[in-house]
Structures are given as C-alpha cells and as structure tokens.
$ cat upload_36.txt   # compact mmCIF, N, CA and C atoms
# COMPACT_ATOMS: atom_id res chain seq x y z
N MET A 1 0.81 -1.18 0.00
CA MET A 1 0.00 0.00 0.00
C MET A 1 0.85 1.25 0.00
N THR A 2 1.98 1.24 0.63
CA THR A 2 2.79 2.45 0.66
C THR A 2 3.94 2.40 -0.33
N VAL A 3 3.94 1.44 -1.26
CA VAL A 3 5.08 1.34 -2.17
C VAL A 3 5.24 2.59 -3.01
N LEU A 4 4.14 3.18 -3.45
CA LEU A 4 4.26 4.40 -4.23
C LEU A 4 4.91 5.48 -3.40
N LEU A 5 4.56 5.54 -2.16
CA LEU A 5 5.17 6.51 -1.27
C LEU A 5 6.64 6.21 -1.10
N LEU A 6 6.97 4.94 -0.99
CA LEU A 6 8.36 4.55 -0.83
C LEU A 6 9.17 4.92 -2.06
N LEU A 7 8.55 4.83 -3.20
CA LEU A 7 9.22 5.15 -4.44
C LEU A 7 9.32 6.65 -4.65
N GLY A 8 8.42 7.36 -4.04
CA GLY A 8 8.38 8.80 -4.28
C GLY A 8 7.79 9.10 -5.63
N LEU A 9 6.77 8.35 -6.04
CA LEU A 9 6.19 8.52 -7.36
C LEU A 9 4.70 8.80 -7.27
N ALA A 10 4.25 9.93 -7.81
CA ALA A 10 2.86 10.28 -8.01
C ALA A 10 2.75 11.78 -8.22
N GLN A 11 1.58 12.26 -8.60
CA GLN A 11 1.41 13.69 -8.79
C GLN A 11 -0.02 14.08 -8.52
N ALA A 12 -0.21 15.29 -8.05
CA ALA A 12 -1.55 15.81 -7.84
C ALA A 12 -1.51 17.32 -7.89
N GLN A 13 -2.67 17.90 -8.02
CA GLN A 13 -2.75 19.34 -8.00
C GLN A 13 -3.76 19.74 -6.94
N THR A 14 -3.53 20.85 -6.30
CA THR A 14 -4.44 21.33 -5.27
C THR A 14 -4.54 22.85 -5.38
N THR A 15 -5.69 23.37 -5.05
CA THR A 15 -5.85 24.82 -5.05
C THR A 15 -5.86 25.33 -3.62
N GLN A 16 -5.83 24.45 -2.63
CA GLN A 16 -5.91 24.86 -1.25
C GLN A 16 -4.57 25.30 -0.68
N GLU A 17 -3.50 24.73 -1.13
CA GLU A 17 -2.17 25.07 -0.62
C GLU A 17 -1.29 25.50 -1.78
N PRO A 18 -0.36 26.41 -1.54
CA PRO A 18 0.56 26.78 -2.62
C PRO A 18 1.48 25.61 -2.94
N CYS A 19 1.93 25.58 -4.19
CA CYS A 19 2.84 24.51 -4.60
C CYS A 19 4.19 24.67 -3.92
N LEU A 20 4.78 23.54 -3.60
CA LEU A 20 6.15 23.53 -3.09
C LEU A 20 7.09 23.77 -4.26
N PRO A 21 8.29 24.26 -4.01
CA PRO A 21 9.25 24.41 -5.12
C PRO A 21 9.67 23.03 -5.63
N ALA A 22 9.93 22.94 -6.91
CA ALA A 22 10.37 21.68 -7.50
C ALA A 22 11.70 21.25 -6.89
N SER A 23 11.90 19.95 -6.77
CA SER A 23 13.13 19.43 -6.15
C SER A 23 14.34 19.56 -7.07
N GLY A 24 14.09 19.62 -8.37
CA GLY A 24 15.20 19.63 -9.32
C GLY A 24 15.79 18.25 -9.53
N MET A 25 15.18 17.24 -8.94
CA MET A 25 15.70 15.88 -9.01
C MET A 25 14.88 15.00 -9.96
N VAL A 26 13.91 15.60 -10.64
CA VAL A 26 13.08 14.89 -11.61
C VAL A 26 13.08 15.69 -12.90
N GLN A 27 13.34 15.01 -14.01
CA GLN A 27 13.32 15.67 -15.32
C GLN A 27 12.41 14.90 -16.26
N PRO A 28 11.44 15.56 -16.87
CA PRO A 28 10.64 14.89 -17.89
C PRO A 28 11.52 14.57 -19.10
N LEU A 29 11.38 13.37 -19.64
CA LEU A 29 12.15 12.97 -20.82
C LEU A 29 11.27 12.90 -22.06
N GLY A 30 10.01 12.94 -21.88
CA GLY A 30 9.05 12.82 -22.98
C GLY A 30 7.73 12.38 -22.40
N ALA A 31 6.79 12.05 -23.29
CA ALA A 31 5.48 11.61 -22.83
C ALA A 31 5.63 10.37 -21.95
N ASP A 32 5.16 10.46 -20.74
CA ASP A 32 5.13 9.33 -19.79
C ASP A 32 6.51 8.83 -19.37
N GLN A 33 7.56 9.61 -19.59
CA GLN A 33 8.92 9.18 -19.23
C GLN A 33 9.61 10.26 -18.41
N TYR A 34 10.32 9.80 -17.36
CA TYR A 34 10.98 10.72 -16.46
C TYR A 34 12.34 10.18 -16.05
N LYS A 35 13.26 11.09 -15.79
CA LYS A 35 14.55 10.73 -15.18
C LYS A 35 14.48 11.21 -13.73
N VAL A 36 14.78 10.30 -12.80
CA VAL A 36 14.69 10.59 -11.37
C VAL A 36 16.05 10.33 -10.74
N ASP A 37 16.51 11.28 -9.96
CA ASP A 37 17.78 11.14 -9.25
C ASP A 37 17.66 10.01 -8.23
N LYS A 38 18.60 9.07 -8.26
CA LYS A 38 18.56 7.94 -7.32
C LYS A 38 18.63 8.40 -5.87
N ASP A 39 19.25 9.53 -5.60
CA ASP A 39 19.29 10.04 -4.23
C ASP A 39 17.89 10.36 -3.71
N LEU A 40 17.02 10.83 -4.60
CA LEU A 40 15.64 11.11 -4.20
C LEU A 40 14.93 9.81 -3.84
N VAL A 41 15.09 8.79 -4.69
CA VAL A 41 14.47 7.49 -4.41
C VAL A 41 15.02 6.91 -3.12
N SER A 42 16.32 7.01 -2.94
CA SER A 42 16.94 6.49 -1.72
C SER A 42 16.40 7.19 -0.47
N ALA A 43 16.25 8.49 -0.54
CA ALA A 43 15.76 9.24 0.61
C ALA A 43 14.36 8.79 1.01
N TRP A 44 13.50 8.53 0.04
CA TRP A 44 12.12 8.17 0.34
C TRP A 44 11.96 6.68 0.64
N THR A 45 12.92 5.85 0.26
CA THR A 45 12.79 4.42 0.55
C THR A 45 13.48 4.03 1.84
N THR A 46 14.21 4.93 2.46
CA THR A 46 14.89 4.59 3.72
C THR A 46 14.20 5.20 4.93
N ASP A 47 13.31 6.15 4.75
CA ASP A 47 12.62 6.79 5.87
C ASP A 47 11.11 6.62 5.66
N LEU A 48 10.54 5.58 6.26
CA LEU A 48 9.13 5.27 6.05
C LEU A 48 8.20 6.37 6.56
N ASP A 49 8.55 7.01 7.66
CA ASP A 49 7.71 8.09 8.17
C ASP A 49 7.67 9.24 7.17
N LYS A 50 8.82 9.56 6.62
CA LYS A 50 8.90 10.62 5.62
C LYS A 50 8.09 10.24 4.38
N ALA A 51 8.24 8.99 3.95
CA ALA A 51 7.52 8.51 2.77
C ALA A 51 6.01 8.57 2.97
N GLU A 52 5.54 8.18 4.14
CA GLU A 52 4.11 8.19 4.39
C GLU A 52 3.52 9.60 4.44
N SER A 53 4.36 10.60 4.62
CA SER A 53 3.86 11.97 4.65
C SER A 53 3.57 12.52 3.25
N LEU A 54 3.99 11.79 2.22
CA LEU A 54 3.82 12.27 0.85
C LEU A 54 2.39 12.19 0.35
N ALA A 55 1.64 11.18 0.78
CA ALA A 55 0.27 10.99 0.30
C ALA A 55 -0.41 9.93 1.13
N ASP A 56 -1.72 9.82 0.93
CA ASP A 56 -2.49 8.72 1.52
C ASP A 56 -2.69 7.66 0.44
N THR A 57 -2.71 6.42 0.85
CA THR A 57 -3.01 5.33 -0.08
C THR A 57 -4.03 4.40 0.57
N TYR A 58 -4.82 3.75 -0.27
CA TYR A 58 -5.72 2.73 0.23
C TYR A 58 -5.97 1.73 -0.89
N TRP A 59 -6.27 0.51 -0.49
CA TRP A 59 -6.48 -0.55 -1.47
C TRP A 59 -7.66 -0.22 -2.37
N HIS A 60 -7.54 -0.60 -3.62
CA HIS A 60 -8.61 -0.41 -4.60
C HIS A 60 -9.13 -1.77 -5.01
N ARG A 61 -10.43 -1.86 -5.18
CA ARG A 61 -11.04 -3.10 -5.65
C ARG A 61 -11.63 -2.87 -7.03
N GLY A 62 -11.38 -3.83 -7.91
CA GLY A 62 -11.92 -3.76 -9.26
C GLY A 62 -13.39 -4.12 -9.29
N SER A 63 -13.95 -4.15 -10.50
CA SER A 63 -15.38 -4.43 -10.65
C SER A 63 -15.76 -5.83 -10.16
N ASP A 64 -14.77 -6.73 -10.07
CA ASP A 64 -15.04 -8.08 -9.57
C ASP A 64 -14.95 -8.17 -8.05
N GLY A 65 -14.67 -7.04 -7.39
CA GLY A 65 -14.57 -7.01 -5.94
C GLY A 65 -13.21 -7.40 -5.38
N GLN A 66 -12.28 -7.78 -6.24
CA GLN A 66 -10.95 -8.19 -5.82
C GLN A 66 -9.99 -6.99 -5.84
N ARG A 67 -9.00 -7.00 -4.96
CA ARG A 67 -7.99 -5.95 -4.99
C ARG A 67 -7.26 -5.99 -6.32
N ASP A 68 -7.10 -4.80 -6.90
CA ASP A 68 -6.37 -4.73 -8.17
C ASP A 68 -5.31 -3.63 -8.15
N GLY A 69 -4.98 -3.13 -6.96
CA GLY A 69 -3.96 -2.10 -6.82
C GLY A 69 -4.28 -1.21 -5.64
N PHE A 70 -3.66 -0.04 -5.64
CA PHE A 70 -3.97 0.93 -4.59
C PHE A 70 -4.13 2.31 -5.18
N ARG A 71 -5.02 3.08 -4.55
CA ARG A 71 -5.32 4.44 -4.99
C ARG A 71 -4.49 5.42 -4.16
N VAL A 72 -4.03 6.49 -4.82
CA VAL A 72 -3.28 7.54 -4.12
C VAL A 72 -4.13 8.81 -4.07
N ARG A 73 -3.97 9.54 -2.96
CA ARG A 73 -4.71 10.80 -2.81
C ARG A 73 -3.96 11.71 -1.84
N ARG A 74 -4.36 12.96 -1.81
CA ARG A 74 -3.79 13.98 -0.92
C ARG A 74 -2.29 14.18 -1.14
N ILE A 75 -1.92 14.26 -2.39
CA ILE A 75 -0.53 14.53 -2.75
C ILE A 75 -0.41 16.03 -2.94
N ARG A 76 0.52 16.63 -2.25
CA ARG A 76 0.67 18.08 -2.29
C ARG A 76 1.35 18.53 -3.59
N CYS A 77 0.81 19.54 -4.18
CA CYS A 77 1.37 20.13 -5.39
C CYS A 77 2.83 20.52 -5.15
N GLY A 78 3.70 20.14 -6.06
CA GLY A 78 5.11 20.48 -5.96
C GLY A 78 5.93 19.48 -5.17
N SER A 79 5.30 18.51 -4.52
CA SER A 79 6.04 17.51 -3.75
C SER A 79 6.78 16.58 -4.73
N PRO A 80 7.71 15.77 -4.23
CA PRO A 80 8.38 14.82 -5.12
C PRO A 80 7.39 13.94 -5.87
N LEU A 81 6.29 13.60 -5.24
CA LEU A 81 5.28 12.81 -5.93
C LEU A 81 4.62 13.59 -7.05
N ASP A 82 4.49 14.86 -6.86
CA ASP A 82 3.85 15.73 -7.84
C ASP A 82 4.66 15.84 -9.13
N GLU A 83 5.93 15.58 -9.05
CA GLU A 83 6.81 15.81 -10.19
C GLU A 83 6.87 14.66 -11.19
N VAL A 84 6.32 13.50 -10.87
CA VAL A 84 6.63 12.33 -11.69
C VAL A 84 5.48 11.69 -12.46
N GLY A 85 4.33 12.37 -12.60
CA GLY A 85 3.37 11.94 -13.59
C GLY A 85 2.05 11.34 -13.16
N LEU A 86 1.84 11.01 -11.92
CA LEU A 86 0.55 10.48 -11.49
C LEU A 86 -0.32 11.59 -10.94
N ARG A 87 -1.60 11.32 -10.75
CA ARG A 87 -2.54 12.31 -10.24
C ARG A 87 -3.28 11.75 -9.04
N ASN A 88 -3.79 12.65 -8.19
CA ASN A 88 -4.68 12.22 -7.12
C ASN A 88 -5.80 11.38 -7.70
N GLY A 89 -6.09 10.27 -7.04
CA GLY A 89 -7.16 9.39 -7.50
C GLY A 89 -6.68 8.28 -8.42
N ASP A 90 -5.43 8.33 -8.89
CA ASP A 90 -4.92 7.26 -9.74
C ASP A 90 -4.82 5.97 -8.95
N VAL A 91 -5.00 4.86 -9.66
CA VAL A 91 -4.83 3.54 -9.07
C VAL A 91 -3.57 2.92 -9.66
N VAL A 92 -2.63 2.56 -8.81
CA VAL A 92 -1.40 1.88 -9.23
C VAL A 92 -1.70 0.38 -9.22
N HIS A 93 -1.52 -0.25 -10.38
CA HIS A 93 -1.82 -1.68 -10.51
C HIS A 93 -0.56 -2.54 -10.44
N SER A 94 0.53 -2.05 -11.01
CA SER A 94 1.77 -2.84 -10.99
C SER A 94 2.97 -1.92 -11.09
N ILE A 95 4.10 -2.44 -10.59
CA ILE A 95 5.38 -1.75 -10.68
C ILE A 95 6.40 -2.75 -11.19
N ASN A 96 7.03 -2.40 -12.30
CA ASN A 96 7.97 -3.31 -12.98
C ASN A 96 7.32 -4.66 -13.25
N GLY A 97 6.06 -4.64 -13.62
CA GLY A 97 5.35 -5.87 -13.97
C GLY A 97 4.83 -6.67 -12.80
N GLN A 98 5.14 -6.27 -11.59
CA GLN A 98 4.69 -6.98 -10.38
C GLN A 98 3.39 -6.34 -9.89
N ALA A 99 2.31 -7.12 -9.87
CA ALA A 99 1.04 -6.62 -9.35
C ALA A 99 1.22 -6.21 -7.89
N VAL A 100 0.55 -5.16 -7.50
CA VAL A 100 0.59 -4.70 -6.11
C VAL A 100 -0.83 -4.75 -5.55
N THR A 101 -1.22 -5.96 -5.15
CA THR A 101 -2.58 -6.18 -4.66
C THR A 101 -2.61 -6.63 -3.20
N GLY A 102 -1.45 -6.67 -2.57
CA GLY A 102 -1.38 -7.06 -1.17
C GLY A 102 -0.09 -6.58 -0.54
N THR A 103 -0.03 -6.67 0.76
CA THR A 103 1.14 -6.20 1.49
C THR A 103 2.42 -6.92 1.07
N THR A 104 2.34 -8.22 0.84
CA THR A 104 3.51 -8.98 0.40
C THR A 104 4.06 -8.42 -0.91
N ASP A 105 3.17 -8.10 -1.83
CA ASP A 105 3.59 -7.52 -3.12
C ASP A 105 4.31 -6.20 -2.91
N VAL A 106 3.77 -5.39 -2.03
CA VAL A 106 4.35 -4.08 -1.76
C VAL A 106 5.78 -4.22 -1.24
N PHE A 107 6.00 -5.12 -0.30
CA PHE A 107 7.35 -5.29 0.25
C PHE A 107 8.30 -5.89 -0.78
N TRP A 108 7.81 -6.78 -1.64
CA TRP A 108 8.65 -7.35 -2.70
C TRP A 108 9.11 -6.22 -3.63
N VAL A 109 8.18 -5.38 -4.06
CA VAL A 109 8.50 -4.27 -4.95
C VAL A 109 9.45 -3.30 -4.25
N TRP A 110 9.19 -2.98 -3.01
CA TRP A 110 10.03 -2.04 -2.26
C TRP A 110 11.47 -2.52 -2.24
N ARG A 111 11.70 -3.79 -1.97
CA ARG A 111 13.07 -4.33 -1.94
C ARG A 111 13.73 -4.23 -3.31
N LYS A 112 12.99 -4.51 -4.36
CA LYS A 112 13.54 -4.47 -5.72
C LYS A 112 13.82 -3.04 -6.19
N VAL A 113 12.96 -2.12 -5.85
CA VAL A 113 13.07 -0.74 -6.32
C VAL A 113 14.35 -0.09 -5.80
N ARG A 114 14.71 -0.42 -4.60
CA ARG A 114 15.89 0.20 -3.99
C ARG A 114 17.15 -0.05 -4.81
N LYS A 115 17.16 -1.10 -5.64
CA LYS A 115 18.33 -1.45 -6.43
C LYS A 115 18.12 -1.25 -7.93
N ALA A 116 16.96 -0.80 -8.32
CA ALA A 116 16.60 -0.71 -9.73
C ALA A 116 17.24 0.48 -10.44
N ASP A 117 17.41 0.34 -11.74
CA ASP A 117 17.86 1.44 -12.59
C ASP A 117 16.71 2.01 -13.41
N THR A 118 15.65 1.21 -13.55
CA THR A 118 14.46 1.66 -14.28
C THR A 118 13.22 1.16 -13.55
N LEU A 119 12.14 1.88 -13.75
CA LEU A 119 10.84 1.48 -13.19
C LEU A 119 9.77 1.72 -14.23
N THR A 120 8.76 0.87 -14.23
CA THR A 120 7.54 1.13 -14.97
C THR A 120 6.39 1.00 -13.99
N VAL A 121 5.44 1.89 -14.10
CA VAL A 121 4.30 1.90 -13.20
C VAL A 121 3.04 1.94 -14.05
N ALA A 122 2.22 0.89 -13.92
CA ALA A 122 0.94 0.82 -14.66
C ALA A 122 -0.15 1.38 -13.78
N VAL A 123 -0.87 2.37 -14.30
CA VAL A 123 -1.92 3.04 -13.54
C VAL A 123 -3.19 3.18 -14.35
N SER A 124 -4.28 3.37 -13.65
CA SER A 124 -5.51 3.82 -14.30
C SER A 124 -5.91 5.12 -13.61
N HIS A 125 -6.40 6.04 -14.42
CA HIS A 125 -6.80 7.35 -13.93
C HIS A 125 -8.27 7.34 -13.56
N ARG A 126 -8.69 8.38 -12.86
CA ARG A 126 -10.09 8.47 -12.44
C ARG A 126 -11.05 8.44 -13.62
N ASP A 127 -10.61 8.89 -14.77
CA ASP A 127 -11.48 8.88 -15.95
C ASP A 127 -11.50 7.53 -16.65
N GLY A 128 -10.78 6.54 -16.10
CA GLY A 128 -10.78 5.19 -16.66
C GLY A 128 -9.67 4.91 -17.65
N THR A 129 -8.92 5.93 -18.06
CA THR A 129 -7.83 5.70 -19.01
C THR A 129 -6.67 4.99 -18.32
N GLN A 130 -5.95 4.19 -19.10
CA GLN A 130 -4.79 3.45 -18.61
C GLN A 130 -3.52 4.15 -19.07
N GLN A 131 -2.46 4.05 -18.26
CA GLN A 131 -1.20 4.67 -18.62
C GLN A 131 -0.05 3.87 -17.99
N THR A 132 1.06 3.80 -18.68
CA THR A 132 2.26 3.21 -18.11
C THR A 132 3.33 4.31 -18.07
N LEU A 133 3.80 4.60 -16.88
CA LEU A 133 4.83 5.60 -16.68
C LEU A 133 6.18 4.90 -16.58
N SER A 134 7.20 5.50 -17.17
CA SER A 134 8.55 4.92 -17.15
C SER A 134 9.51 5.88 -16.48
N TYR A 135 10.41 5.30 -15.68
CA TYR A 135 11.36 6.10 -14.92
C TYR A 135 12.76 5.55 -15.10
N LEU A 136 13.70 6.43 -15.40
CA LEU A 136 15.11 6.11 -15.45
C LEU A 136 15.71 6.66 -14.17
N LEU A 137 16.31 5.79 -13.37
CA LEU A 137 16.88 6.20 -12.09
C LEU A 137 18.38 6.32 -12.22
N GLU A 138 18.89 7.53 -12.08
CA GLU A 138 20.33 7.77 -12.22
C GLU A 138 20.87 8.55 -11.05

$ encode --input "upload_36.txt" --output "structure tokens"
Amino acid sequence: MTVLLLLGLAQAQTTQEPCLPASGMVQPLGADQYKVDKDLVSAWTTDLDKAESLADTYWHRGSDGQRDGFRVRRIRCGSPLDEVGLRNGDVVHSINGQAVTGTTDVFWVWRKVRKADTLTVAVSHRDGTQQTLSYLLE
C-alpha cells in the first residue's frame, strides 16, 4: 500500500495550498517518461515516516470485488510525488510488472526498487484511461 510513497512517485494538484518548489531531481524525458535522481528514491525508501507523509493510499477493488492495486490521494502540489506523472485518484496496478494487490507484493517491490535502474508503473486514472509511466533512475 505504501510502495508508491516509498518510491516517491505520483502527482496531484491542489488549489488549497501553494505549490512547493520543485526538487530539481526529476526531469521529464518525454510523454510518460521521467529521469529521477537515485538520491531522491533512496531518501524516500529509507525513511518510512517521511515517505508516508507524501500521500495517503488505500487498497482499490476492481469491478469483480478483488484488490487490483492501490489508490493515491492527498498529494501536495510540488512535492516529489507531484513531479513524476501520477494524479490524485490514480490507481497503481503494478510496478515493474509486479502486481501490487497485497502487502507482500508491496514489500517485494520495495526491496527491488531500492536497487533498480528503471521502473515502470501501470496506472488507471479516475477517468478510466490506462497509462504506463517509465522512470530512469540515475
């Protein structure tokens, strides 16, 4: 459930609070592609309290009633999550091809992400569209 937070990946917009300044550690490379500084990923994957402050997550159930990922919400504009392509209300279904439908999945992904050079995140948006985001970690 908190793997997205651990990765430091997501985005949202809010009109209630001013945007935070950009970290400078994320660069868009093209449509759905980003370069993310590994130091940013490391910072958010080693401090769980810090990671959990980035957004709220909760399990999402598909039309069949089964868990099919987790939804993210309350991501502050300008936060590290805001810089990398997801929106409030998005449902994360898989990371690097691994479904994230339970706590065991989340911990498996978390362990792998800490050593990864690339990530792909499959999401569905609130409007029902599907998207795969790609990240180069350098």

$ select_by_dssp --input "upload_36.txt" --residues "chain A" --states "strand (DSSP E)" --output "PyMOL selection string"
chain A and resi 26-30+33-36+56-61+67-73+91-95+98-99+118-124+130-137

$ atom_distance --input "upload_36.txt" --atom1 "CA of Gln131 (chain A)" --atom2 "CA of Asp32 (chain A)"
7.9 Å

$ closest_residue --input "upload_36.txt" --among "A:Ser53, A:Arg126, A:Thr103, A:Arg111" --to "Arg76 (chain A)" --atoms "all atoms listed in the file"
A:Ser53

$ residues_around --input "upload_36.txt" --residues "Gly128 (chain A)" --least-positions-apart "3" --cutoff "10 Å" --atoms "only C-alpha atoms" --output "PDB file with N, CA and C atoms, keeping the file's coordinate frame"
ATOM      1  N   ASP A  90      -5.430   8.330  -8.890  1.00  0.00           N
ATOM      2  CA  ASP A  90      -4.920   7.260  -9.740  1.00  0.00           C
ATOM      3  C   ASP A  90      -4.820   5.970  -8.950  1.00  0.00           C
ATOM      4  N   VAL A  91      -5.000   4.860  -9.660  1.00  0.00           N
ATOM      5  CA  VAL A  91      -4.830   3.540  -9.070  1.00  0.00           C
ATOM      6  C   VAL A  91      -3.570   2.920  -9.660  1.00  0.00           C
ATOM      7  N   VAL A 123      -0.870   2.370 -14.300  1.00  0.00           N
ATOM      8  CA  VAL A 123      -1.920   3.040 -13.540  1.00  0.00           C
ATOM      9  C   VAL A 123      -3.190   3.180 -14.350  1.00  0.00           C
ATOM     10  N   SER A 124      -4.280   3.370 -13.650  1.00  0.00           N
ATOM     11  CA  SER A 124      -5.510   3.820 -14.300  1.00  0.00           C
ATOM     12  C   SER A 124      -5.910   5.120 -13.610  1.00  0.00           C
ATOM     13  N   HIS A 125      -6.400   6.040 -14.420  1.00  0.00           N
ATOM     14  CA  HIS A 125      -6.800   7.350 -13.930  1.00  0.00           C
ATOM     15  C   HIS A 125      -8.270   7.340 -13.560  1.00  0.00           C
ATOM     16  N   GLN A 131      -2.460   4.050 -18.260  1.00  0.00           N
ATOM     17  CA  GLN A 131      -1.200   4.670 -18.620  1.00  0.00           C
ATOM     18  C   GLN A 131      -0.050   3.870 -17.990  1.00  0.00           C
TER      19      GLN A 131
END

$ residues_around --input "upload_36.txt" --residues "Lys112 (chain A)" --least-positions-apart "2" --cutoff "12 Å" --atoms "only C-alpha atoms" --output "list of chain:residue names"
A:Val3, A:Leu6, A:Leu7, A:Thr45, A:Ile95, A:Asn96, A:Gly97, A:Gln98, A:Asp105, A:Val106, A:Phe107, A:Trp108, A:Val109, A:Trp110, A:Arg114, A:Lys115, A:Ala116, A:Asp117, A:Thr118, A:Leu119

$ atom_distance --input "upload_36.txt" --atom1 "CA of Ser23 (chain A)" --atom2 "CA of Leu54 (chain A)"
13.7 Å

$ closest_residue --input "upload_36.txt" --among "A:Gly24, A:Gly69, A:Gly89, A:Gly78" --to "Val36 (chain A)" --atoms "only C-alpha atoms"
A:Gly24
